[in-house]
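**Student:** Structure: entry-v5.cif, mmCIF, C-alpha atoms and all ligand atoms.
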```cif
data_model
#
loop_
_atom_site.label_atom_id
_atom_site.label_comp_id
_atom_site.auth_asym_id
_atom_site.auth_seq_id
_atom_site.Cartn_x
_atom_site.Cartn_y
_atom_site.Cartn_z
CA MET A 1 28.55 18.93 3.40
CA CYS A 2 27.43 17.82 -0.04
CA LEU A 3 24.36 15.68 -0.63
CA LEU A 4 26.31 12.57 -1.61
CA ARG A 5 28.53 12.66 1.45
CA PHE A 6 25.48 13.23 3.64
CA LEU A 7 23.86 10.10 2.19
CA ALA A 8 27.03 8.06 2.58
CA GLN A 9 27.04 8.92 6.28
CA ALA A 10 23.33 8.38 6.93
CA ARG A 11 23.67 4.66 7.64
CA GLY A 12 26.33 5.37 10.25
CA ALA A 13 24.12 7.97 11.94
CA LEU A 14 21.20 5.55 12.00
CA GLY A 15 23.44 2.80 13.38
CA ARG A 16 24.75 4.98 16.21
CA HIS A 17 21.23 5.73 17.42
CA LEU A 18 19.95 2.21 16.98
CA ALA A 19 22.99 0.92 18.88
CA GLU A 20 21.47 2.41 22.00
CA ALA A 21 18.18 0.61 21.46
CA SER A 22 19.73 -2.70 20.50
CA PRO A 23 23.44 -3.01 21.30
CA ALA A 24 23.49 -6.65 20.24
CA VAL A 25 22.75 -5.76 16.63
CA TRP A 26 24.63 -2.50 16.29
CA ALA A 27 28.01 -2.49 17.98
CA ALA A 28 28.70 1.11 17.09
CA ALA A 29 29.86 4.10 19.13
CA SER A 30 27.12 5.67 21.23
CA VAL A 31 25.68 9.14 20.65
CA ASP A 32 25.54 12.02 23.06
CA PRO A 33 22.21 12.00 24.90
CA GLY A 34 20.97 15.39 23.62
CA ARG A 35 21.36 14.32 20.01
CA LYS A 36 18.06 13.16 18.52
CA LEU A 37 17.42 10.93 15.55
CA HIS A 38 14.82 12.17 13.06
CA LEU A 39 13.63 9.72 10.42
CA VAL A 40 12.25 11.45 7.31
CA ILE A 41 9.94 9.05 5.56
CA GLY A 42 7.67 9.12 2.49
CA ASN A 43 4.63 7.02 1.62
CA GLU A 44 4.49 3.32 0.82
CA SER A 45 4.21 3.72 -2.93
CA CYS A 46 7.73 5.22 -2.83
CA ASP A 47 6.98 7.17 -5.96
CA LEU A 48 9.40 9.85 -7.06
CA ASP A 49 7.69 12.49 -4.92
CA SER A 50 8.01 10.46 -1.74
CA ALA A 51 11.59 9.37 -2.37
CA VAL A 52 12.87 12.81 -3.37
CA SER A 53 10.97 14.68 -0.65
CA ALA A 54 12.39 12.39 2.06
CA LEU A 55 15.95 12.59 0.76
CA THR A 56 16.10 16.33 0.17
CA LEU A 57 14.26 17.42 3.32
CA ALA A 58 16.50 15.21 5.49
CA PHE A 59 19.57 16.80 3.88
CA VAL A 60 18.33 20.37 4.27
CA TYR A 61 17.36 19.89 7.93
CA ALA A 62 20.60 18.03 8.72
CA GLN A 63 22.61 21.01 7.44
CA ARG A 64 20.49 23.51 9.34
CA HIS A 65 20.22 21.66 12.63
CA ARG A 66 23.60 20.06 13.10
CA GLU A 67 22.92 19.25 16.72
CA HIS A 68 20.60 16.44 15.56
CA ASP A 69 20.63 13.64 13.00
CA TYR A 70 18.22 13.46 10.05
CA VAL A 71 18.04 10.23 8.10
CA PRO A 72 15.90 9.70 4.97
CA ILE A 73 14.04 6.39 4.74
CA LEU A 74 12.41 5.01 1.58
CA ASN A 75 9.16 3.40 2.68
CA ILE A 76 9.58 0.08 0.81
CA PRO A 77 11.63 -3.02 1.44
CA ARG A 78 15.05 -2.82 -0.23
CA ARG A 79 14.19 -5.66 -2.63
CA ASP A 80 11.44 -3.51 -4.20
CA TYR A 81 13.78 -0.66 -5.15
CA PRO A 82 14.36 -1.99 -8.71
CA LEU A 83 10.58 -1.67 -9.29
CA LYS A 84 10.74 2.10 -8.81
CA THR A 85 12.39 2.60 -12.16
CA GLU A 86 11.93 6.39 -12.36
CA VAL A 87 13.38 6.82 -8.85
CA GLY A 88 16.40 4.69 -9.75
CA TYR A 89 16.79 6.63 -12.98
CA LEU A 90 16.77 10.11 -11.43
CA PHE A 91 18.87 9.12 -8.42
CA GLY A 92 21.37 7.43 -10.75
CA LYS A 93 21.59 10.62 -12.81
CA CYS A 94 22.51 12.49 -9.62
CA GLY A 95 25.09 9.87 -8.64
CA ILE A 96 22.99 8.34 -5.87
CA ALA A 97 23.38 4.55 -5.85
CA GLU A 98 21.21 1.98 -4.09
CA PRO A 99 23.74 0.97 -1.39
CA VAL A 100 23.75 4.45 0.21
CA LEU A 101 19.95 4.54 0.45
CA LEU A 102 18.08 3.40 3.55
CA PHE A 103 14.83 1.47 3.36
CA ARG A 104 11.97 0.50 5.63
CA ASP A 105 13.65 -2.82 6.44
CA ASP A 106 16.77 -0.98 7.66
CA ILE A 107 14.85 0.29 10.68
CA PRO A 108 13.36 -1.87 13.45
CA ARG A 109 9.64 -2.62 13.15
CA GLU A 110 8.92 -0.75 16.36
CA VAL A 111 10.82 2.52 16.43
CA ALA A 112 12.11 3.51 19.85
CA GLN A 113 10.18 6.12 21.82
CA ASN A 114 12.88 8.76 21.58
CA VAL A 115 13.03 8.66 17.75
CA ASN A 116 11.32 11.52 15.97
CA VAL A 117 9.58 10.99 12.63
CA ILE A 118 8.90 13.52 9.88
CA LEU A 119 6.29 12.38 7.34
CA VAL A 120 6.47 13.62 3.78
CA ASP A 121 3.90 12.95 1.02
CA HIS A 122 1.47 11.24 3.45
CA HIS A 123 0.02 11.92 6.85
CA VAL A 124 -1.58 8.67 7.98
CA SER A 125 1.07 6.41 9.46
CA PRO A 126 1.54 3.69 12.06
CA LEU A 127 4.41 5.85 13.34
CA ALA A 128 1.96 8.64 14.28
CA PRO A 129 2.90 8.81 18.00
CA ASN A 130 6.50 9.70 17.02
CA VAL A 131 5.68 12.26 14.34
CA THR A 132 6.89 15.82 14.93
CA GLU A 133 6.26 17.33 11.50
CA ILE A 134 4.24 16.59 8.36
CA LEU A 135 4.60 17.94 4.83
CA ASP A 136 1.86 16.62 2.57
CA HIS A 137 -0.45 17.49 -0.26
CA ARG A 138 -3.14 14.84 0.06
CA PRO A 139 -6.65 15.80 1.17
CA LEU A 140 -6.70 15.86 4.97
CA GLU A 141 -7.88 12.61 6.58
CA ASP A 142 -8.26 14.02 10.06
CA SER A 143 -10.89 11.45 11.01
CA SER A 144 -8.48 8.53 10.71
CA ALA A 145 -7.48 6.81 13.94
CA SER A 146 -3.78 7.23 13.25
CA PHE A 147 -4.17 10.97 12.64
CA LYS A 148 -5.66 11.30 16.12
CA LYS A 149 -2.53 9.70 17.58
CA LEU A 150 -0.29 12.57 16.43
CA PRO A 151 1.34 14.34 19.37
CA PRO A 152 -0.16 17.76 20.19
CA GLY A 153 2.95 19.75 19.18
CA CYS A 154 3.21 18.15 15.72
CA GLU A 155 3.73 20.76 12.97
CA LEU A 156 1.41 20.33 10.01
CA ASP A 157 1.84 21.65 6.50
CA ILE A 158 -0.87 19.88 4.56
CA ASP A 159 -1.56 21.79 1.38
CA ALA A 160 -3.82 20.12 -1.18
CA THR A 161 -3.39 23.01 -3.64
CA VAL A 162 0.08 21.85 -4.69
CA GLY A 163 0.65 19.05 -7.20
CA SER A 164 3.79 17.78 -5.54
CA CYS A 165 5.07 17.43 -1.99
CA ALA A 166 8.46 18.36 -3.45
CA THR A 167 7.04 21.88 -3.87
CA LEU A 168 6.64 22.14 -0.09
CA VAL A 169 10.20 20.90 0.40
CA ALA A 170 11.45 23.38 -2.21
CA GLU A 171 9.73 26.17 -0.30
CA ARG A 172 11.76 25.29 2.80
CA TYR A 173 14.97 24.78 0.84
CA LEU A 174 14.66 28.16 -0.90
CA ALA A 175 13.55 30.05 2.21
CA GLU A 176 17.07 30.20 3.67
CA GLU A 177 20.49 30.74 2.16
CA GLU A 178 22.03 27.55 3.49
CA PRO A 179 22.53 24.88 2.34
CA ARG A 180 22.85 25.29 -1.43
CA SER A 181 22.99 22.08 -3.44
CA ALA A 182 22.65 21.57 -7.19
CA GLY A 183 21.66 17.96 -6.47
CA VAL A 184 18.76 19.02 -4.24
CA ALA A 185 17.61 21.65 -6.75
CA LYS A 186 17.69 19.14 -9.64
CA LEU A 187 15.84 16.44 -7.71
CA LEU A 188 13.10 18.81 -6.58
CA HIS A 189 12.77 20.41 -10.00
CA ALA A 190 12.41 17.08 -11.84
CA THR A 191 9.89 15.78 -9.33
CA ILE A 192 7.64 18.83 -9.50
CA VAL A 193 7.73 18.73 -13.32
CA LEU A 194 6.75 15.03 -13.32
CA ASP A 195 3.99 15.38 -10.72
CA THR A 196 2.39 18.36 -12.44
CA ILE A 197 2.47 16.52 -15.80
CA ASN A 198 4.84 19.25 -16.93
CA PHE A 199 2.24 21.90 -16.01
CA ALA A 200 -0.18 20.66 -18.68
CA PRO A 201 -3.28 22.84 -18.27
CA ALA A 202 -5.63 19.98 -19.21
CA ALA A 203 -4.28 17.71 -16.45
CA LYS A 204 -5.03 20.36 -13.76
CA ARG A 205 -2.35 18.93 -11.51
CA PHE A 206 -0.61 22.10 -10.33
CA GLY A 207 -1.14 25.25 -8.34
CA PRO A 208 0.63 28.63 -8.39
CA LYS A 209 3.11 27.51 -5.74
CA ASP A 210 4.37 24.59 -7.90
CA LEU A 211 5.10 26.99 -10.73
CA ALA A 212 6.74 29.57 -8.47
CA MET A 213 9.07 26.97 -6.95
CA VAL A 214 10.05 25.48 -10.31
CA GLU A 215 10.86 28.94 -11.66
CA GLN A 216 13.01 29.72 -8.62
CA LEU A 217 14.81 26.39 -8.91
CA GLU A 218 15.45 27.07 -12.60
CA ARG A 219 17.02 30.41 -11.70
CA GLU A 220 19.24 28.66 -9.20
CA LEU A 221 20.21 25.93 -11.67
CA ASN A 222 20.58 28.39 -14.50
CA SER A 223 18.39 26.14 -16.61
CA GLN A 224 15.89 27.10 -19.27
CA LYS A 225 12.17 26.52 -19.18
CA ASP A 226 12.36 24.43 -22.36
CA GLN A 227 14.44 21.81 -20.56
CA ARG A 228 11.34 20.87 -18.59
CA THR A 229 9.94 18.92 -21.51
CA SER A 230 13.03 16.78 -22.03
CA ASN A 231 13.28 16.13 -18.25
CA PHE A 232 9.64 15.17 -18.21
CA ASP A 233 9.88 12.84 -21.21
CA GLU A 234 12.92 11.09 -19.74
CA LEU A 235 11.19 10.43 -16.44
CA VAL A 236 7.97 9.20 -18.07
CA ALA A 237 10.04 6.81 -20.20
CA ALA A 238 12.01 5.64 -17.16
CA ARG A 239 8.79 4.97 -15.26
CA ALA A 240 7.50 2.79 -18.10
CA ASP A 241 10.81 0.97 -18.62
CA ILE A 242 10.17 -2.59 -17.50
CA SER A 243 12.96 -4.12 -19.57
CA LYS A 244 15.02 -5.11 -16.51
CA LEU A 245 12.16 -6.48 -14.42
CA THR A 246 10.85 -10.03 -14.10
CA LEU A 247 7.17 -10.57 -14.99
CA THR A 248 6.27 -10.87 -11.30
CA GLU A 249 8.03 -7.57 -10.67
CA VAL A 250 6.05 -6.01 -13.51
CA LEU A 251 2.84 -7.05 -11.73
CA ARG A 252 4.10 -5.75 -8.38
CA LYS A 253 5.58 -2.53 -9.78
CA ASP A 254 2.54 -0.37 -9.23
CA MET A 255 0.01 -2.32 -7.22
CA LYS A 256 -2.73 -1.39 -4.79
CA ILE A 257 -4.52 -3.72 -2.42
CA LEU A 258 -8.28 -3.58 -2.04
CA GLN A 259 -9.27 -4.95 1.31
CA THR A 260 -12.70 -5.67 2.76
CA ASP A 261 -13.48 -7.58 5.94
CA ARG A 262 -13.37 -10.85 4.05
CA GLN A 263 -11.31 -10.37 0.93
CA VAL A 264 -7.99 -9.13 -0.30
CA VAL A 265 -7.92 -8.14 -3.95
CA PRO A 266 -4.67 -6.94 -5.51
CA LEU A 267 -4.88 -4.48 -8.39
CA ALA A 268 -1.84 -4.32 -10.59
CA GLY A 269 -1.17 -1.39 -12.89
CA MET A 270 1.29 -2.15 -15.69
CA PRO A 271 2.92 -0.04 -18.42
CA ILE A 272 2.05 -2.77 -20.95
CA LEU A 273 -1.31 -4.11 -22.17
CA VAL A 274 -2.50 -7.18 -20.25
CA ARG A 275 -3.23 -8.78 -23.62
CA ASP A 276 0.50 -8.51 -24.48
CA PHE A 277 1.65 -9.49 -21.00
CA VAL A 278 -0.18 -12.84 -21.06
CA GLU A 279 1.55 -13.79 -24.32
CA LYS A 280 4.95 -13.68 -22.63
CA SER A 281 6.50 -16.93 -21.50
CA GLY A 282 6.25 -17.34 -17.75
CA ALA A 283 3.18 -15.10 -17.51
CA GLU A 284 1.04 -17.79 -15.82
CA LYS A 285 3.69 -18.49 -13.19
CA ALA A 286 4.03 -14.76 -12.51
CA VAL A 287 0.26 -14.32 -12.13
CA ARG A 288 0.09 -17.29 -9.73
CA GLU A 289 2.90 -15.85 -7.63
CA PHE A 290 1.31 -12.43 -7.61
CA GLY A 291 -2.15 -13.54 -6.54
CA VAL A 292 -1.30 -16.47 -4.35
CA GLU A 293 -3.62 -15.55 -1.50
CA SER A 294 -6.60 -13.94 -3.22
CA ASN A 295 -9.86 -14.95 -4.89
CA LEU A 296 -9.59 -12.31 -7.54
CA LEU A 297 -6.85 -10.40 -9.31
CA VAL A 298 -7.49 -7.22 -11.20
CA ILE A 299 -4.81 -6.32 -13.73
CA LEU A 300 -4.87 -2.99 -15.53
CA GLY A 301 -2.73 -2.53 -18.60
CA MET A 302 -1.72 0.62 -20.42
CA TYR A 303 0.35 1.20 -23.49
CA VAL A 304 1.55 4.59 -24.65
CA SER A 305 2.74 4.64 -28.23
CA PRO A 306 6.21 6.21 -28.34
CA ALA A 307 5.47 7.50 -31.82
CA ASP A 308 2.40 9.64 -31.16
CA GLY A 309 1.71 9.37 -27.41
CA GLN A 310 -1.60 7.59 -28.06
CA VAL A 311 -2.81 5.65 -25.05
CA GLN A 312 -4.40 2.20 -25.05
CA ARG A 313 -5.83 0.54 -21.98
CA ASP A 314 -7.14 -2.90 -21.14
CA LEU A 315 -7.95 -4.92 -18.07
CA ALA A 316 -8.19 -8.48 -16.85
CA LEU A 317 -10.07 -10.22 -14.06
CA ILE A 318 -8.61 -13.55 -13.02
CA SER A 319 -9.64 -15.90 -10.24
CA LEU A 320 -6.99 -18.43 -9.27
CA SER A 321 -9.55 -20.41 -7.30
CA GLY A 322 -11.94 -20.56 -10.27
CA GLN A 323 -14.69 -18.39 -8.75
CA SER A 324 -16.33 -17.66 -12.08
CA GLN A 325 -19.59 -16.23 -10.66
CA PHE A 326 -17.66 -13.76 -8.59
CA VAL A 327 -15.53 -12.72 -11.58
CA GLU A 328 -18.71 -12.31 -13.62
CA ARG A 329 -20.18 -10.10 -10.94
CA VAL A 330 -17.19 -7.75 -10.93
CA ARG A 331 -17.14 -7.80 -14.74
CA LEU A 332 -20.80 -6.69 -14.84
CA ALA A 333 -20.15 -3.90 -12.36
CA LEU A 334 -17.32 -2.58 -14.52
CA VAL A 335 -19.19 -2.99 -17.81
CA GLU A 336 -22.34 -1.31 -16.45
CA SER A 337 -20.57 1.55 -14.71
CA ASN A 338 -21.81 4.97 -15.75
CA ASP A 339 -19.55 6.99 -13.50
CA PRO A 340 -17.51 7.01 -15.60
CA LYS A 341 -18.44 4.81 -18.55
CA LEU A 342 -15.39 2.62 -19.12
CA GLU A 343 -16.54 1.47 -22.58
CA LEU A 344 -15.25 -2.04 -22.06
CA ARG A 345 -15.41 -4.36 -25.05
CA PRO A 346 -13.80 -7.69 -25.89
CA HIS A 347 -10.39 -7.71 -27.58
CA GLU A 348 -10.32 -8.32 -31.29
CA VAL A 349 -8.54 -11.61 -30.65
CA ASP A 350 -9.90 -13.41 -27.61
CA THR A 351 -7.78 -15.20 -25.02
CA ARG A 352 -8.65 -17.89 -22.50
CA PHE A 353 -5.53 -17.30 -20.39
CA MET A 354 -6.11 -18.87 -16.96
CA GLY A 355 -9.89 -18.74 -17.51
CA GLY A 356 -9.80 -14.98 -16.99
CA CYS A 357 -11.88 -12.21 -18.45
CA PHE A 358 -10.02 -9.77 -20.74
CA LEU A 359 -11.44 -6.47 -21.98
CA ARG A 360 -10.25 -3.45 -23.92
CA GLN A 361 -11.04 -0.16 -22.21
CA HIS A 362 -12.02 2.32 -24.89
CA ASN A 363 -12.46 5.20 -22.47
CA VAL A 364 -8.73 5.76 -22.01
CA GLN A 365 -9.31 8.75 -19.70
CA ALA A 366 -10.53 6.45 -16.92
CA THR A 367 -7.74 5.31 -14.61
CA ARG A 368 -7.33 3.03 -11.64
CA LYS A 369 -8.64 5.86 -9.47
CA HIS A 370 -12.03 5.34 -11.17
CA ILE A 371 -11.90 1.54 -11.39
CA LEU A 372 -10.92 0.89 -7.78
CA PRO A 373 -14.17 2.15 -6.20
CA ILE A 374 -16.30 0.21 -8.71
CA VAL A 375 -14.51 -3.03 -7.84
CA LYS A 376 -14.74 -2.30 -4.13
CA GLN A 377 -18.49 -1.65 -4.34
CA ALA A 378 -18.96 -4.94 -6.23
CA LEU A 379 -16.99 -6.82 -3.57
CA LEU A 380 -19.06 -5.36 -0.77
CA GLU A 381 -22.37 -6.11 -2.52
CA TRP A 382 -21.26 -9.65 -3.25
CA GLU A 383 -20.30 -10.19 0.37
CA ALA A 384 -23.58 -8.76 1.63
CA GLU A 385 -25.59 -11.09 -0.63
CA HIS A 386 -23.48 -14.15 0.03
CA ASP A 387 -23.51 -13.81 3.77
CA CYS A 388 -25.32 -17.17 3.80
CA ASP A 389 -22.48 -18.95 2.05
CA CYS A 390 -20.06 -18.43 4.83
CA GLU A 391 -18.82 -20.91 7.40
CA GLU A 392 -21.52 -20.38 10.04
CA VAL A 393 -24.22 -21.64 7.67
CA TYR A 394 -22.12 -24.59 6.63
CA PHE A 395 -21.76 -25.31 10.31
CA PHE A 396 -25.54 -25.19 10.89
CA LYS A 397 -26.18 -27.46 7.93
CA GLU A 398 -23.76 -29.97 9.30
CA LYS A 399 -24.81 -29.68 12.90
CA PRO A 400 -27.93 -31.92 12.87
CA GLN A 401 -25.90 -34.70 11.29
CA LEU A 402 -23.30 -34.32 13.97
CA GLY A 403 -26.09 -34.40 16.53
CA LEU A 404 -27.43 -37.67 15.17
CA SER A 405 -24.15 -39.48 15.17
MN MN B 1 2.93 13.20 -3.78
#
```
How does this structure look as structure tokens?

**Tutor:**
Amino acid sequence: MCLLRFLAQARGALGRHLAEASPAVWAAASVDPGRKLHLVIGNESCDLDSAVSALTLAFVYAQRHREHDYVPILNIPRRDYPLKTEVGYLFGKCGIAEPVLLFRDDIPREVAQNVNVILVDHHVSPLAPNVTEILDHRPLEDSSASFKKLPPGCELDIDATVGSCATLVAERYLAEEEPRSAGVAKLLHATIVLDTINFAPAAKRFGPKDLAMVEQLERELNSQKDQRTSNFDELVAARADISKLTLTEVLRKDMKILQTDRQVVPLAGMPILVRDFVEKSGAEKAVREFGVESNLLVILGMYVSPADGQVQRDLALISLSGQSQFVERVRLALVESNDPKLELRPHEVDTRFMGGCFLRQHNVQATRKHILPIVKQALLEWEAEHDCDCEEVYFFKEKPQLGLS
């Protein structure tokens, strides 16, 4: 069976199994009892690695183990698919359209006990008790509570030496003669090239296995090494293409949530400078929608010049509830950071957009990976110091008055 036909039939396979769990919703034909459903699911960022690894591994296993069903699931709600511009671009190039894909909201919140789950590109999951196999390349978090809930027989292939989970899928794909699929080979090849930053030595994002798999895939595709660069450039451009997104979608496109016991702080990463974003009409409405339930929003902007590849970065701190002292505290933490030095300085032209704080980041090597822990530390320190400002104290202050009345 070819990849496209497999995908077109995946929804039907899912429906047949779910019909058993919930006949009211899925009035489809039932499945024979020995036939098991395996959901193959990537991580919640649904980056290219997660999406491609889930899709290709499900296809390969489905062809090799025809007695069972393997269904790829993209770990985002369907409405967020347009935000994953590089995924949509590469899938589109391979003829894979959104309606044949299955998303997190296509499966019930609680998966039935007899459903097996294969995790790709992550290994900490609320589905842990159902997981039978893991392919991942993140550093092992074996102390996490969900990791301890994995069943004893779960097969683990967690290899932090590879730059891409797609490399681990390619290894399985290439290990046997069947199935052969140009679509699978192209998807895996493009993903490994993107994740390894096209094997740039300075980026240090690849290991020997990534290179070996890409070379084998190139032999299978009969493609030349020099095509890597054009594939890579196309995907980088597709990832930064926000021309079809609303401003709120631009903020949500690549966001992470920082959570402490008392606060939720969203960090947006955008392929446009914040300074340029706030000039757009509707920017204030978009920011309000994005940060509706938080004290603080952190927005990180980046602009890569198409002409010479030069990178510019800036950031903004905005409090919708006007907590200026808190914003100032986080600003100081970022400005004073030595690990690394962010070299934050005011923009040449200042802005007072929503009373926020806007800074150019002259150390363009520093990324969200560096900024996130600084913000988190500042949040925790602030909370520790302002323990006295919380409700209990307010309550004690008020109590004598209540007692008198
Ligand atoms: Mn990955």

**Student:** Take atom CA of A:Arg329 and atom CA of A:Ile257 and report the distance between them in Å, one decimal.

**Tutor:** 18.9 Å

**Student:** With all atoms listed in the file as the counted atoms, please give the residues lying no more than 8 Å from stretch 189-198 of chain A, apart from itself and same-chain residues fewer than 2 positions off, as an mmCIF file with C-alpha atoms, keeping the file's coordinate frame.

**Tutor:**
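This is the output file around_9.cif:
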```cif
data_model
loop_
_atom_site.group_PDB
_atom_site.id
_atom_site.type_symbol
_atom_site.label_atom_id
_atom_site.label_comp_id
_atom_site.auth_asym_id
_atom_site.auth_seq_id
_atom_site.Cartn_x
_atom_site.Cartn_y
_atom_site.Cartn_z
ATOM 1 C CA LEU A 48 9.400 9.850 -7.060
ATOM 2 C CA ASP A 49 7.690 12.490 -4.920
ATOM 3 C CA VAL A 52 12.870 12.810 -3.370
ATOM 4 C CA GLY A 163 0.650 19.050 -7.200
ATOM 5 C CA SER A 164 3.790 17.780 -5.540
ATOM 6 C CA ALA A 166 8.460 18.360 -3.450
ATOM 7 C CA THR A 167 7.040 21.880 -3.870
ATOM 8 C CA ALA A 185 17.610 21.650 -6.750
ATOM 9 C CA LYS A 186 17.690 19.140 -9.640
ATOM 10 C CA LEU A 187 15.840 16.440 -7.710
ATOM 11 C CA ALA A 200 -0.180 20.660 -18.680
ATOM 12 C CA ALA A 203 -4.280 17.710 -16.450
ATOM 13 C CA LYS A 204 -5.030 20.360 -13.760
ATOM 14 C CA ARG A 205 -2.350 18.930 -11.510
ATOM 15 C CA PHE A 206 -0.610 22.100 -10.330
ATOM 16 C CA ASP A 210 4.370 24.590 -7.900
ATOM 17 C CA VAL A 214 10.050 25.480 -10.310
ATOM 18 C CA LEU A 217 14.810 26.390 -8.910
ATOM 19 C CA GLU A 218 15.450 27.070 -12.600
ATOM 20 C CA ARG A 228 11.340 20.870 -18.590
ATOM 21 C CA THR A 229 9.940 18.920 -21.510
ATOM 22 C CA ASN A 231 13.280 16.130 -18.250
ATOM 23 C CA PHE A 232 9.640 15.170 -18.210
ATOM 24 C CA LEU A 235 11.190 10.430 -16.440
ATOM 25 C CA VAL A 236 7.970 9.200 -18.070
#
```

**Student:** Mind giving me the straight-line distance from atom CA of A:Pro129 to atom CA of A:Glu141 in Å, one decimal?

**Tutor:** 16.2 Å

**Student:** To one decimal place in Å, what is the distance between atom CA of A:Leu101 and atom CA of A:Lys253?

**Tutor:**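 About the pair atom CA of A:Leu101 and atom CA of A:Lys253: they are 19.0 Å apart.
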
**Student:** With all atoms listed in the file as the basis for distance, which of A:Met302, A:Val250, A:Leu57, A:Ala51 is at the shortest distance from ligand MN 1 (chain B)?

**Tutor:** A:Ala51

**Student:** With distances taken over all atoms listed in the file, which residue among A:Pro126, A:Pro139, A:Gly34, A:Gly269 lies nearest ligand MN 1 (chain B)?

**Tutor:**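 That would be A:Pro139, the residue with the smallest distance to ligand MN 1 (chain B).
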
**Student:** So that I can check the surroundings of A:Phe6, please list as a list of chain:residue names every protein, DNA and RNA residue that reaches within 10 Å of it, counting all atoms listed in the file and ignoring chain neighbours fewer than 3 positions away.

**Tutor:**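 Residues near the query, excluding close chain neighbours: A:Met1, A:Cys2, A:Leu3, A:Gln9, A:Ala10, A:Arg11, A:Ala13, A:Leu55, A:Ala58, A:Phe59, A:Ala62, A:Gln63, A:Tyr70, A:Val71, A:Val100.
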
**Student:** With only C-alpha atoms counted, which protein, DNA or RNA residues have an atom no more than 6 Å from (14.0, 10.8, 14.1) in the file frame? Please answer as a list of chain:residue names.

**Tutor:**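 Here is the list of nearby residues: A:Leu37, A:His38, A:Leu39, A:Val115, A:Asn116, A:Val117.
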